Amino acid sequence: MKYTIVLFIVFLGLSKSQAQDAIKILQKVDANMASESRIVETKMIINGKRNSRTVISKGYSTGIDKSFTEYLSPDREKGTKMLKLDNRLWIYSPDTDRTIQLSGHMLRQSVMGSDLSYEDMMEDRKLLEIYNASFIGEEILDGRKVWVLQLDAKVEDVSYVKRKTWIDQERYVPLKEELFAKSGQLLKTTTLSDVKKIEGRWFPTKMIYKDELKSGDGTHFEFVSIEFNKEIPDYIFSKASLKK
Amino acid sequence: MKLAFQLAYKNLVGSGLKTWLNVLVLAIAFLTIIFFNGFIDGWHNQAKLDSEEWEIGGGHILNNNYDSSDPFTIQDGHGPILTNEANGLTPILFRQGTIYPSGRMYSALIKGIDVNQNTLKIPTNLLKESAADIPAIIGKRYAKSSKLKVGDEVLMRWRDKNGTFDASNITIVGIFDSNVPTIDVGQIWMPIKKLWEITGLENEATMFVANVGYTSTKMEGWNFQSKEDLLSSLTRIIESKKASGSIMYIFLMGIALLAIFDTQVLSIFRRQREIGTYISLGMTRLQVVKLFTVEGSMYSILATLLGTILGIPLFGYVARTGIGIPEASQNQGVTISDTIYPAFGIGLILSTIILIILSSTIVSFLPARKIAKMDPVNALKGKIQ
Amino acid sequence: MIQFLLKGILRDKSRSILPIIIVSAGVFLTVLLSGYMKGVFGDVIDQSARFDTGHVKVMSRAYAENIDQLPNDLALLGVTEIVGSLKNQYPEMDWVKRIKFGGLIDVIDKEGNSKGQGPVAGLSFELFSGTGKEIKRMNIEKSIVIGRVPLKPNEALISNEFAQKLNLSIGDEVTYIGSTMNGSMAFSVFKICGTITFGVAQMDRGSIIIDVSDAQKILDMEDGAGEILGFQRNDIYQVEEAELISDKFNASYASDPDEFAPMMVSLQKQNDLEFMINYSNSISAILIGFFIFAMSLVLWNTGLLSGLRRYKEFGIRLALGEAKGQIYRTFTYEAIIVGIIGSVIGTVLGVSAVYYLQVVGIDISGMLDQLSSSMMMPSVLRGKITPNLFYIGFVPGLLAMVLGNMLSGLGIYKRQTATLMKELEV
């Protein structure tokens, strides 16, 4: 899902400068991956029990608190739009011509049947605001040298108290992330791959998101196209644009 | 009157087998009515008792923000336990969670309960005695649908008070067998202290179960639901069963009374000469009518006697051993135990006796009225009129 | 001979009317009672059939495995073909699609902002089929508090309590939000066409009833259904037949390894209903046995009575020289004829009455609390026509009656010609 990669990448980026290796690494990752704004087209492959579905969407975002997504295919999803402003999320369905603000229980539902919940997309604080980062080692991952960083929550109201992330030492892109429960139980894993050079920066164009507690293959994302730092008019991020 | 009874008795007993068959029919109707009512009363009593013992106690006190019909309110519908008012109250905290038995996902309502409670029959002592890190007990229905057994460890995911995910294995230390599905389906019971610990909701509760005999005191922020409120839907089901039973009694009594009616018609027809004789000996017609009516209602008296003789050992036995009820009845979501012990109250038996005697007297009187219209001379001759 | 007797019976009212009336009445009661008992004891089973299990249920194997979780993602697809072939093979049965689902109902105010939300349990039936069978089966019309059954797409019934909570009235629009079979977000706007009371707290809190085609549409289940229920003739469960049908159906898919292949389960194989069925069968058999016994006594009496009534007639016939055997035979034949006539009349009346009970029923809502007429708690008691109703009345009507007659007729052989004249007081 586009949101996650956006949030994920952006979270890793913007941070207060601290004199630690881990933070320096994260800042470099950010420099590589974050941008003022971006327009992406993503393909999401959801592996269900009996079939796989591919959902294509186009997303616009600026910063980490504003994003707008429009679904392009399949037909059933076409025209469905989502708007996220700060911590609010609206969904517009063209069939019913209704806009619904998702709240509470609904946010825990999975997005389009994927292994990702709406709530996972709602976290909009910067990673280094809510986590302390520390350097815990180096590894070889898929033939690439990586640093392994651990993020521990420094505030209470976070979904995941601990994250682990694997950063490519040469390209400064994350290749893997794990999300943990308080007890230390692994809950979700994100694997990033197919790192390509786009507009002069390295960028992972594939991603597998998996709920580790459930059986199944997880959800695959693919970036079909990415444009960085393109001017996005403000009206895009308004409720009115949902109905257009 | 005494004479009428004596004569009636002699006549009846004198006609032997046929009388006893009629009496038997009436007695069976009598027994069936009592049995059916007793069965339903027994069910009602037990269901009430089961609900009280397993779920209701002396009533529930719910947090004002919690609405039992709306699962969204579980999140915020809790409040701090007020120790000075908590006497005789068992706190229960609700949280939502998910269990993952072998990769499948089942949502669950986690209920933390005071392990030292003895208001409800939920075997919280198993939780107390267990050495497991997070001990849990579940009902047999949930055990069946989630395919969990005692001793199984299963991964449970929940959120703490801040919404932070947590997940850990819980150990099923007991599966309880309760007739009350509403404390079973989709629910996991664990020590409230453990739930406080893992969620950070120290000293919080969603509801309290009151002791039996608890008298409600107004508590700010909490809402008392009496036993009667909580039992109302059960009461409604019982009422409908009683109503459907009462139609059966009408049929049943109809047949028994038809038998008496028929016999009366037969005997009046057969015994015209006897009637003529009575009248010529100086009895008034009314007295003869009375005699025959008494004779008819005598069936019911004999029937209640026979019913009592048959019924006491039979019902005594049934009330002791109970009646097995198919498990499927429980799956309908209604509280019904697998064995019902019928309750035969004195009131029920007496009212049934009165009903039977009264109705059979009426039915005996109807054909006997004919006697009043008879010409005694012809009757004496035995001529058919 | 028979013609002669028949004429006698028809012309001599004292020989015909009273006994026939009594026999008919007795047989009528027996049949009515048996039908009623069958209906009442079949209640639980009937309810389960209507609500959940059908007489047979077809679902995918994977769905059956996880049935407790309403796994619509595992639902059957290509149901038109399955239903079509089932209808071909068993045209006398009613095959209907059902989809159960969950979700949220969102109500918006004039500005389009959400003014209330609540979780709902969704039920969908074939409401638009035109047969009205499902509407009747589910007692929907009687359970409606205000409004009417959905007639066109995007109309819905919602539970009354829920409507009151969200302050909804007829004609209001609500948005359903849930997830499709594939897990996508499902959105749909429904117009409330009525509110309904189930009488079961759990469902009265929040339920929505829509047509199955709407459910397919919103849940993205094109040509899919969670369950296909089969109902046997007149909605009466025939155990053996259901078993046969499901065995045959499953055999035809035995070689298909697909976990989404359809499978059929008969009613008694679902929810542990088998024991329940046997149990209620034996209880109703005991009660019916008792009725027949009691009725036999009554009709036995009738037989005795007719022997007695005609004491004088037999005397005269003996005096005129008819053989005792001859009189006894004619008397017995007459009893048989009367028994048959009475039993036939009684059975016809009884079966019609049971049919009436089956269709209309006895409304006991007056005996119940206000929350009486509801889908779950039948406030209308119904009878049930079963094949044995057509012969059960003959036991007391013919057998007992003839036996009673024959016994009382034995008196003929005891009579002495010598005392005849004196007895007759001619």
# chains A, B, ... in the order shown; residues from 1 in each chain; ligands from 1
>>> select_by_dssp(residues="range 10-199 of chain A", states="alpha helix (DSSP H)", output="list in words")
Val10, Phe11, Leu12, Gly13, Asp21, Ala22, Ile23, Lys24, Ile25, Leu26, Gln27, Lys28, Val29, Asp30, Ala31, Asn32, Met33, Tyr118, Glu119, Asp120, Met121, Met122, Leu127, Leu128, Glu129 and Ile130 of chain A
>>> interface_residues(of="chain A", to="chain C", cutoff="8 Å", atoms="only C-alpha atoms", output="list in words")
Gly48, Lys49, Arg50, Ser93, Asp95, Thr96, Arg98, Thr99, Ile100, Gln101, Ser110, Val111, Met112, Gly113 and Ser114 of chain A
>>> write_last_selection(atoms="C-alpha atoms", output="mmCIF file, in the first residue's frame")
data_model
loop_
_atom_site.group_PDB
_atom_site.id
_atom_site.type_symbol
_atom_site.label_atom_id
_atom_site.label_comp_id
_atom_site.auth_asym_id
_atom_site.auth_seq_id
_atom_site.Cartn_x
_atom_site.Cartn_y
_atom_site.Cartn_z
ATOM 1 C CA GLY A 48 -6.675 -14.210 -0.906
ATOM 2 C CA LYS A 49 -7.502 -17.745 0.016
ATOM 3 C CA ARG A 50 -8.907 -18.558 -3.398
ATOM 4 C CA SER A 93 -17.479 5.632 -2.882
ATOM 5 C CA ASP A 95 -21.464 4.083 -6.506
ATOM 6 C CA THR A 96 -23.210 5.517 -3.509
ATOM 7 C CA ARG A 98 -21.215 9.064 -0.150
ATOM 8 C CA THR A 99 -18.252 10.180 1.837
ATOM 9 C CA ILE A 100 -17.716 8.383 5.093
ATOM 10 C CA GLN A 101 -15.294 9.302 7.778
ATOM 11 C CA SER A 110 -8.086 -4.336 6.482
ATOM 12 C CA VAL A 111 -7.519 -2.145 3.455
ATOM 13 C CA MET A 112 -9.028 -3.779 0.383
ATOM 14 C CA GLY A 113 -8.544 -7.196 1.913
ATOM 15 C CA SER A 114 -4.819 -6.714 2.339
#
>>> interface_residues(of="chain B", to="chain A", cutoff="7 Å", atoms="only C-alpha atoms", output="ChimeraX atom specification")
/B:72,100,103-105,162-168
>>> write_last_selection(atoms="N, CA, C and O atoms", output="PDB file, in the first residue's frame")
ATOM      1  N   PHE B  72     -18.648  -1.292  20.216  1.00  0.00           N
ATOM      2  CA  PHE B  72     -17.723  -0.168  20.126  1.00  0.00           C
ATOM      3  C   PHE B  72     -17.502   0.499  21.474  1.00  0.00           C
ATOM      4  O   PHE B  72     -16.535   1.220  21.663  1.00  0.00           O
ATOM      5  N   TYR B 100      -5.240 -16.557  17.593  1.00  0.00           N
ATOM      6  CA  TYR B 100      -4.789 -17.146  16.329  1.00  0.00           C
ATOM      7  C   TYR B 100      -4.483 -18.625  16.504  1.00  0.00           C
ATOM      8  O   TYR B 100      -3.316 -19.011  16.480  1.00  0.00           O
ATOM      9  N   GLY B 103      -2.904 -20.192  12.931  1.00  0.00           N
ATOM     10  CA  GLY B 103      -2.960 -19.319  11.766  1.00  0.00           C
ATOM     11  C   GLY B 103      -4.335 -18.812  11.414  1.00  0.00           C
ATOM     12  O   GLY B 103      -4.486 -17.952  10.567  1.00  0.00           O
ATOM     13  N   ARG B 104      -5.359 -19.389  12.055  1.00  0.00           N
ATOM     14  CA  ARG B 104      -6.691 -18.860  11.792  1.00  0.00           C
ATOM     15  C   ARG B 104      -6.943 -17.721  12.768  1.00  0.00           C
ATOM     16  O   ARG B 104      -6.316 -17.634  13.807  1.00  0.00           O
ATOM     17  N   MET B 105      -7.854 -16.867  12.423  1.00  0.00           N
ATOM     18  CA  MET B 105      -8.058 -15.681  13.236  1.00  0.00           C
ATOM     19  C   MET B 105      -9.455 -15.720  13.857  1.00  0.00           C
ATOM     20  O   MET B 105     -10.437 -15.894  13.159  1.00  0.00           O
ATOM     21  N   ASN B 162      -3.178   2.331  25.780  1.00  0.00           N
ATOM     22  CA  ASN B 162      -2.758   3.355  24.825  1.00  0.00           C
ATOM     23  C   ASN B 162      -2.981   2.941  23.385  1.00  0.00           C
ATOM     24  O   ASN B 162      -2.642   3.672  22.468  1.00  0.00           O
ATOM     25  N   GLY B 163      -3.499   1.768  23.201  1.00  0.00           N
ATOM     26  CA  GLY B 163      -3.705   1.295  21.837  1.00  0.00           C
ATOM     27  C   GLY B 163      -2.486   0.565  21.287  1.00  0.00           C
ATOM     28  O   GLY B 163      -2.441   0.204  20.122  1.00  0.00           O
ATOM     29  N   THR B 164      -1.481   0.357  22.121  1.00  0.00           N
ATOM     30  CA  THR B 164      -0.281  -0.343  21.661  1.00  0.00           C
ATOM     31  C   THR B 164      -0.566  -1.839  21.560  1.00  0.00           C
ATOM     32  O   THR B 164      -1.160  -2.430  22.456  1.00  0.00           O
ATOM     33  N   PHE B 165      -0.124  -2.399  20.440  1.00  0.00           N
ATOM     34  CA  PHE B 165      -0.339  -3.830  20.250  1.00  0.00           C
ATOM     35  C   PHE B 165       0.492  -4.633  21.221  1.00  0.00           C
ATOM     36  O   PHE B 165       1.633  -4.302  21.510  1.00  0.00           O
ATOM     37  N   ASP B 166      -0.102  -5.691  21.675  1.00  0.00           N
ATOM     38  CA  ASP B 166       0.653  -6.637  22.466  1.00  0.00           C
ATOM     39  C   ASP B 166       0.159  -8.016  22.063  1.00  0.00           C
ATOM     40  O   ASP B 166      -0.982  -8.175  21.634  1.00  0.00           O
ATOM     41  N   ALA B 167       1.016  -8.986  22.187  1.00  0.00           N
ATOM     42  CA  ALA B 167       0.610 -10.332  21.823  1.00  0.00           C
ATOM     43  C   ALA B 167       1.382 -11.304  22.667  1.00  0.00           C
ATOM     44  O   ALA B 167       2.548 -11.066  22.975  1.00  0.00           O
ATOM     45  N   SER B 168       0.736 -12.338  23.073  1.00  0.00           N
ATOM     46  CA  SER B 168       1.419 -13.323  23.888  1.00  0.00           C
ATOM     47  C   SER B 168       0.619 -14.609  23.865  1.00  0.00           C
ATOM     48  O   SER B 168      -0.559 -14.610  23.508  1.00  0.00           O
TER      49      SER B 168
END
>>> atom_distance(atom1="CA of Gly84 in chain C", atom2="CA of Asn139 in chain C")
25.9 Å
>>> interface_residues(of="chain B", to="chain C", cutoff="7 Å", atoms="only C-alpha atoms", output="PDB file with all heavy atoms, in the first residue's frame")
ATOM      1  N   VAL B  25     -57.923 -42.980  31.089  1.00  0.00           N
ATOM      2  CA  VAL B  25     -57.745 -41.918  30.095  1.00  0.00           C
ATOM      3  C   VAL B  25     -57.657 -40.557  30.777  1.00  0.00           C
ATOM      4  O   VAL B  25     -56.767 -39.746  30.499  1.00  0.00           O
ATOM      5  CB  VAL B  25     -58.919 -41.917  29.090  1.00  0.00           C
ATOM      6  CG1 VAL B  25     -58.870 -40.668  28.221  1.00  0.00           C
ATOM      7  CG2 VAL B  25     -58.866 -43.147  28.233  1.00  0.00           C
ATOM      8  N   SER B  69     -25.101  -3.620  24.020  1.00  0.00           N
ATOM      9  CA  SER B  69     -25.512  -3.922  22.659  1.00  0.00           C
ATOM     10  C   SER B  69     -24.538  -3.350  21.642  1.00  0.00           C
ATOM     11  O   SER B  69     -24.674  -3.573  20.460  1.00  0.00           O
ATOM     12  CB  SER B  69     -26.908  -3.360  22.411  1.00  0.00           C
ATOM     13  OG  SER B  69     -26.859  -1.955  22.460  1.00  0.00           O
ATOM     14  N   SER B 145     -15.697 -24.322  18.740  1.00  0.00           N
ATOM     15  CA  SER B 145     -15.568 -23.590  17.478  1.00  0.00           C
ATOM     16  C   SER B 145     -14.127 -23.182  17.216  1.00  0.00           C
ATOM     17  O   SER B 145     -13.694 -23.125  16.076  1.00  0.00           O
ATOM     18  CB  SER B 145     -16.512 -22.387  17.443  1.00  0.00           C
ATOM     19  OG  SER B 145     -16.052 -21.398  18.324  1.00  0.00           O
ATOM     20  N   ARG B 236     -39.945 -14.493  28.643  1.00  0.00           N
ATOM     21  CA  ARG B 236     -40.803 -14.415  27.473  1.00  0.00           C
ATOM     22  C   ARG B 236     -40.843 -15.754  26.722  1.00  0.00           C
ATOM     23  O   ARG B 236     -41.890 -16.201  26.289  1.00  0.00           O
ATOM     24  CB  ARG B 236     -40.278 -13.322  26.550  1.00  0.00           C
ATOM     25  CG  ARG B 236     -41.362 -12.603  25.841  1.00  0.00           C
ATOM     26  CD  ARG B 236     -40.897 -11.266  25.344  1.00  0.00           C
ATOM     27  NE  ARG B 236     -39.686 -11.338  24.590  1.00  0.00           N
ATOM     28  CZ  ARG B 236     -38.652 -10.515  24.766  1.00  0.00           C
ATOM     29  NH1 ARG B 236     -38.711  -9.603  25.697  1.00  0.00           N
ATOM     30  NH2 ARG B 236     -37.584 -10.619  24.020  1.00  0.00           N
ATOM     31  N   GLU B 239     -43.028 -18.131  28.585  1.00  0.00           N
ATOM     32  CA  GLU B 239     -44.447 -17.831  28.400  1.00  0.00           C
ATOM     33  C   GLU B 239     -44.971 -18.415  27.099  1.00  0.00           C
ATOM     34  O   GLU B 239     -46.068 -18.962  27.049  1.00  0.00           O
ATOM     35  CB  GLU B 239     -44.648 -16.314  28.367  1.00  0.00           C
ATOM     36  CG  GLU B 239     -44.954 -15.721  29.707  1.00  0.00           C
ATOM     37  CD  GLU B 239     -45.036 -14.212  29.613  1.00  0.00           C
ATOM     38  OE1 GLU B 239     -45.363 -13.704  28.526  1.00  0.00           O
ATOM     39  OE2 GLU B 239     -44.771 -13.554  30.615  1.00  0.00           O
ATOM     40  N   SER B 240     -44.163 -18.290  26.065  1.00  0.00           N
ATOM     41  CA  SER B 240     -44.649 -18.787  24.781  1.00  0.00           C
ATOM     42  C   SER B 240     -44.768 -20.305  24.796  1.00  0.00           C
ATOM     43  O   SER B 240     -45.690 -20.876  24.230  1.00  0.00           O
ATOM     44  CB  SER B 240     -43.739 -18.300  23.658  1.00  0.00           C
ATOM     45  OG  SER B 240     -43.029 -19.349  23.082  1.00  0.00           O
ATOM     46  N   ALA B 243     -47.941 -21.171  26.573  1.00  0.00           N
ATOM     47  CA  ALA B 243     -49.121 -20.934  25.752  1.00  0.00           C
ATOM     48  C   ALA B 243     -49.308 -22.072  24.763  1.00  0.00           C
ATOM     49  O   ALA B 243     -50.424 -22.570  24.565  1.00  0.00           O
ATOM     50  CB  ALA B 243     -48.989 -19.611  25.020  1.00  0.00           C
ATOM     51  N   SER B 244     -48.208 -22.516  24.163  1.00  0.00           N
ATOM     52  CA  SER B 244     -48.360 -23.590  23.191  1.00  0.00           C
ATOM     53  C   SER B 244     -48.759 -24.874  23.902  1.00  0.00           C
ATOM     54  O   SER B 244     -49.495 -25.702  23.371  1.00  0.00           O
ATOM     55  CB  SER B 244     -47.086 -23.758  22.380  1.00  0.00           C
ATOM     56  OG  SER B 244     -46.223 -24.678  22.980  1.00  0.00           O
ATOM     57  N   PHE B 251     -56.873 -29.953  23.793  1.00  0.00           N
ATOM     58  CA  PHE B 251     -57.121 -31.168  23.017  1.00  0.00           C
ATOM     59  C   PHE B 251     -57.208 -32.396  23.925  1.00  0.00           C
ATOM     60  O   PHE B 251     -58.094 -33.232  23.810  1.00  0.00           O
ATOM     61  CB  PHE B 251     -55.987 -31.410  22.017  1.00  0.00           C
ATOM     62  CG  PHE B 251     -56.064 -30.527  20.814  1.00  0.00           C
ATOM     63  CD1 PHE B 251     -55.013 -29.700  20.479  1.00  0.00           C
ATOM     64  CD2 PHE B 251     -57.187 -30.551  19.996  1.00  0.00           C
ATOM     65  CE1 PHE B 251     -55.077 -28.890  19.362  1.00  0.00           C
ATOM     66  CE2 PHE B 251     -57.251 -29.749  18.868  1.00  0.00           C
ATOM     67  CZ  PHE B 251     -56.193 -28.916  18.556  1.00  0.00           C
ATOM     68  N   ILE B 255     -60.459 -34.827  24.607  1.00  0.00           N
ATOM     69  CA  ILE B 255     -60.627 -36.256  24.348  1.00  0.00           C
ATOM     70  C   ILE B 255     -61.090 -36.988  25.600  1.00  0.00           C
ATOM     71  O   ILE B 255     -62.016 -37.797  25.577  1.00  0.00           O
ATOM     72  CB  ILE B 255     -59.311 -36.837  23.805  1.00  0.00           C
ATOM     73  CG1 ILE B 255     -59.227 -36.510  22.313  1.00  0.00           C
ATOM     74  CG2 ILE B 255     -59.251 -38.329  24.022  1.00  0.00           C
ATOM     75  CD1 ILE B 255     -58.081 -37.124  21.614  1.00  0.00           C
ATOM     76  N   ALA B 256     -60.475 -36.669  26.728  1.00  0.00           N
ATOM     77  CA  ALA B 256     -60.852 -37.336  27.970  1.00  0.00           C
ATOM     78  C   ALA B 256     -62.300 -37.030  28.311  1.00  0.00           C
ATOM     79  O   ALA B 256     -63.069 -37.905  28.717  1.00  0.00           O
ATOM     80  CB  ALA B 256     -59.926 -36.888  29.094  1.00  0.00           C
ATOM     81  N   ALA B 259     -64.732 -38.865  26.221  1.00  0.00           N
ATOM     82  CA  ALA B 259     -64.908 -40.233  26.707  1.00  0.00           C
ATOM     83  C   ALA B 259     -65.941 -40.276  27.823  1.00  0.00           C
ATOM     84  O   ALA B 259     -66.817 -41.146  27.851  1.00  0.00           O
ATOM     85  CB  ALA B 259     -63.573 -40.783  27.199  1.00  0.00           C
ATOM     86  N   ASP B 262     -69.453 -39.489  26.398  1.00  0.00           N
ATOM     87  CA  ASP B 262     -69.935 -40.637  25.664  1.00  0.00           C
ATOM     88  C   ASP B 262     -70.451 -41.722  26.612  1.00  0.00           C
ATOM     89  O   ASP B 262     -71.517 -42.285  26.423  1.00  0.00           O
ATOM     90  CB  ASP B 262     -68.758 -41.168  24.836  1.00  0.00           C
ATOM     91  CG  ASP B 262     -69.225 -42.018  23.706  1.00  0.00           C
ATOM     92  OD1 ASP B 262     -70.105 -41.557  22.965  1.00  0.00           O
ATOM     93  OD2 ASP B 262     -68.715 -43.148  23.582  1.00  0.00           O
ATOM     94  N   THR B 263     -69.691 -41.965  27.645  1.00  0.00           N
ATOM     95  CA  THR B 263     -70.082 -42.964  28.624  1.00  0.00           C
ATOM     96  C   THR B 263     -71.370 -42.561  29.318  1.00  0.00           C
ATOM     97  O   THR B 263     -72.248 -43.385  29.571  1.00  0.00           O
ATOM     98  CB  THR B 263     -68.975 -43.126  29.674  1.00  0.00           C
ATOM     99  OG1 THR B 263     -67.746 -43.230  28.998  1.00  0.00           O
ATOM    100  CG2 THR B 263     -69.195 -44.344  30.520  1.00  0.00           C
ATOM    101  N   LEU B 266     -74.231 -43.134  27.060  1.00  0.00           N
ATOM    102  CA  LEU B 266     -74.472 -44.573  27.009  1.00  0.00           C
ATOM    103  C   LEU B 266     -75.208 -45.052  28.256  1.00  0.00           C
ATOM    104  O   LEU B 266     -76.199 -45.767  28.182  1.00  0.00           O
ATOM    105  CB  LEU B 266     -73.132 -45.296  26.871  1.00  0.00           C
ATOM    106  CG  LEU B 266     -73.198 -46.816  26.820  1.00  0.00           C
ATOM    107  CD1 LEU B 266     -73.845 -47.270  25.523  1.00  0.00           C
ATOM    108  CD2 LEU B 266     -71.801 -47.423  26.940  1.00  0.00           C
ATOM    109  N   PRO B 326     -31.741 -32.750  24.452  1.00  0.00           N
ATOM    110  CA  PRO B 326     -30.723 -32.771  23.404  1.00  0.00           C
ATOM    111  C   PRO B 326     -29.883 -31.509  23.401  1.00  0.00           C
ATOM    112  O   PRO B 326     -30.393 -30.416  23.678  1.00  0.00           O
ATOM    113  CB  PRO B 326     -31.534 -32.869  22.110  1.00  0.00           C
ATOM    114  CG  PRO B 326     -32.946 -32.811  22.482  1.00  0.00           C
ATOM    115  CD  PRO B 326     -33.082 -32.881  23.942  1.00  0.00           C
ATOM    116  N   GLU B 327     -28.631 -31.691  23.098  1.00  0.00           N
ATOM    117  CA  GLU B 327     -27.693 -30.579  23.147  1.00  0.00           C
ATOM    118  C   GLU B 327     -28.081 -29.467  22.182  1.00  0.00           C
ATOM    119  O   GLU B 327     -27.813 -28.308  22.413  1.00  0.00           O
ATOM    120  CB  GLU B 327     -26.301 -31.089  22.811  1.00  0.00           C
ATOM    121  CG  GLU B 327     -25.201 -30.210  23.345  1.00  0.00           C
ATOM    122  CD  GLU B 327     -23.847 -30.806  23.026  1.00  0.00           C
ATOM    123  OE1 GLU B 327     -23.721 -32.038  23.041  1.00  0.00           O
ATOM    124  OE2 GLU B 327     -22.937 -30.030  22.741  1.00  0.00           O
ATOM    125  N   ALA B 328     -28.740 -29.888  21.098  1.00  0.00           N
ATOM    126  CA  ALA B 328     -29.068 -28.900  20.070  1.00  0.00           C
ATOM    127  C   ALA B 328     -29.933 -27.774  20.619  1.00  0.00           C
ATOM    128  O   ALA B 328     -29.860 -26.652  20.153  1.00  0.00           O
ATOM    129  CB  ALA B 328     -29.779 -29.571  18.913  1.00  0.00           C
TER     130      ALA B 328
END
>>> select_by_dssp(residues="range 75-199 of chain A", states="strand (DSSP E or B)", output="NGL selection string")
:A and (81-85 or 88-93 or 98-102 or 110 or 117 or 131-141 or 144-153 or 162-168 or 174-180 or 186-198)
>>> closest_residue(among="A:Leu107, A:Ile167, A:Ala31, A:Val224", to="Glu138 in chain A", atoms="only C-alpha atoms")
A:Ile167
>>> residues_around(residues="Val173 in chain A", least_positions_apart="4", cutoff="8 Å", atoms="only C-alpha atoms", output="compact mmCIF listing (two decimals) with N, CA and C atoms, in the first residue's frame")
# COMPACT_ATOMS: atom_id res chain seq x y z
N VAL A 29 18.99 8.07 5.16
CA VAL A 29 17.92 7.39 4.45
C VAL A 29 16.87 8.40 4.03
N ASN A 32 17.72 10.48 1.17
CA ASN A 32 17.60 9.73 -0.06
C ASN A 32 16.15 9.58 -0.52
N MET A 33 15.30 9.35 0.42
CA MET A 33 13.96 8.91 0.03
C MET A 33 12.85 9.93 0.20
N ILE A 167 18.85 -1.48 6.93
CA ILE A 167 19.15 -0.41 5.98
C ILE A 167 20.34 -0.79 5.09
N ASP A 168 20.15 -0.66 3.81
CA ASP A 168 21.24 -0.91 2.86
C ASP A 168 22.37 0.09 3.09
N GLN A 169 23.58 -0.41 3.33
CA GLN A 169 24.68 0.48 3.71
C GLN A 169 25.14 1.38 2.57
N TRP A 202 17.93 6.28 -5.01
CA TRP A 202 17.60 4.85 -4.91
C TRP A 202 16.25 4.70 -4.25
N PHE A 203 15.48 3.82 -4.81
CA PHE A 203 14.14 3.67 -4.24
C PHE A 203 13.66 2.21 -4.38
N PRO A 204 13.18 1.62 -3.30
CA PRO A 204 12.67 0.24 -3.41
C PRO A 204 11.30 0.27 -4.09
>>> closest_atom_pairs(of="range 194-278 of chain B", to="range 358-379 of chain B", cutoff="12 Å", atoms="only C-alpha atoms", output="tab-separated table")
residue	atom	partner	partner_atom	distance
B:Ile250	CA	B:Ser359	CA	11.2
B:Met253	CA	B:Ser359	CA	8.7
B:Gly254	CA	B:Ser359	CA	9.7
B:Ile255	CA	B:Ser360	CA	11.3
B:Ala256	CA	B:Ser360	CA	8.7
B:Leu257	CA	B:Ser360	CA	6.2
B:Leu258	CA	B:Val363	CA	8.1
B:Ala259	CA	B:Val363	CA	9.8
B:Ile260	CA	B:Ser364	CA	6.9
B:Phe261	CA	B:Val363	CA	5.7
B:Asp262	CA	B:Pro367	CA	8.9
B:Thr263	CA	B:Ser364	CA	8.9
B:Gln264	CA	B:Ser364	CA	6.2
B:Val265	CA	B:Pro367	CA	5.8
B:Leu266	CA	B:Pro367	CA	9.5
B:Ser267	CA	B:Ala368	CA	9.7
B:Ile268	CA	B:Ala368	CA	7.1
B:Phe269	CA	B:Ile371	CA	9.7
B:Arg270	CA	B:Ala379	CA	10.4
B:Arg271	CA	B:Ala379	CA	8.7
B:Gln272	CA	B:Ala379	CA	5.0
B:Arg273	CA	B:Ala379	CA	5.3
B:Glu274	CA	B:Ala379	CA	7.9
B:Ile275	CA	B:Ala379	CA	6.7
B:Gly276	CA	B:Ala379	CA	4.7
B:Thr277	CA	B:Ala379	CA	8.1
B:Tyr278	CA	B:Pro376	CA	9.1
>>> residues_around(residues="range 318-324 of chain B", least_positions_apart="5", cutoff="9 Å", atoms="only C-alpha atoms", output="ChimeraX atom specification")
/B:39,42,313,337-344
>>> atom_distance(atom1="CA of Ile354 in chain B", atom2="CA of Phe30 in chain B")
10.6 Å
>>> residues_around(residues="range 126-136 of chain C", least_positions_apart="5", cutoff="7 Å", atoms="only C-alpha atoms", output="ChimeraX atom specification")
/C:96-97,141,151,211-212
>>> residues_around(residues="Gly77 in chain B", least_positions_apart="5", cutoff="10 Å", atoms="only C-alpha atoms", output="ChimeraX atom specification")
/B:62-68,71-72,93-95,204-207
>>> residues_around(residues="Leu89 in chain B", least_positions_apart="3", cutoff="7 Å", atoms="only C-alpha atoms", output="list in words")
Ala86, Phe208, Val209, Ala210 and Asn211 of chain B
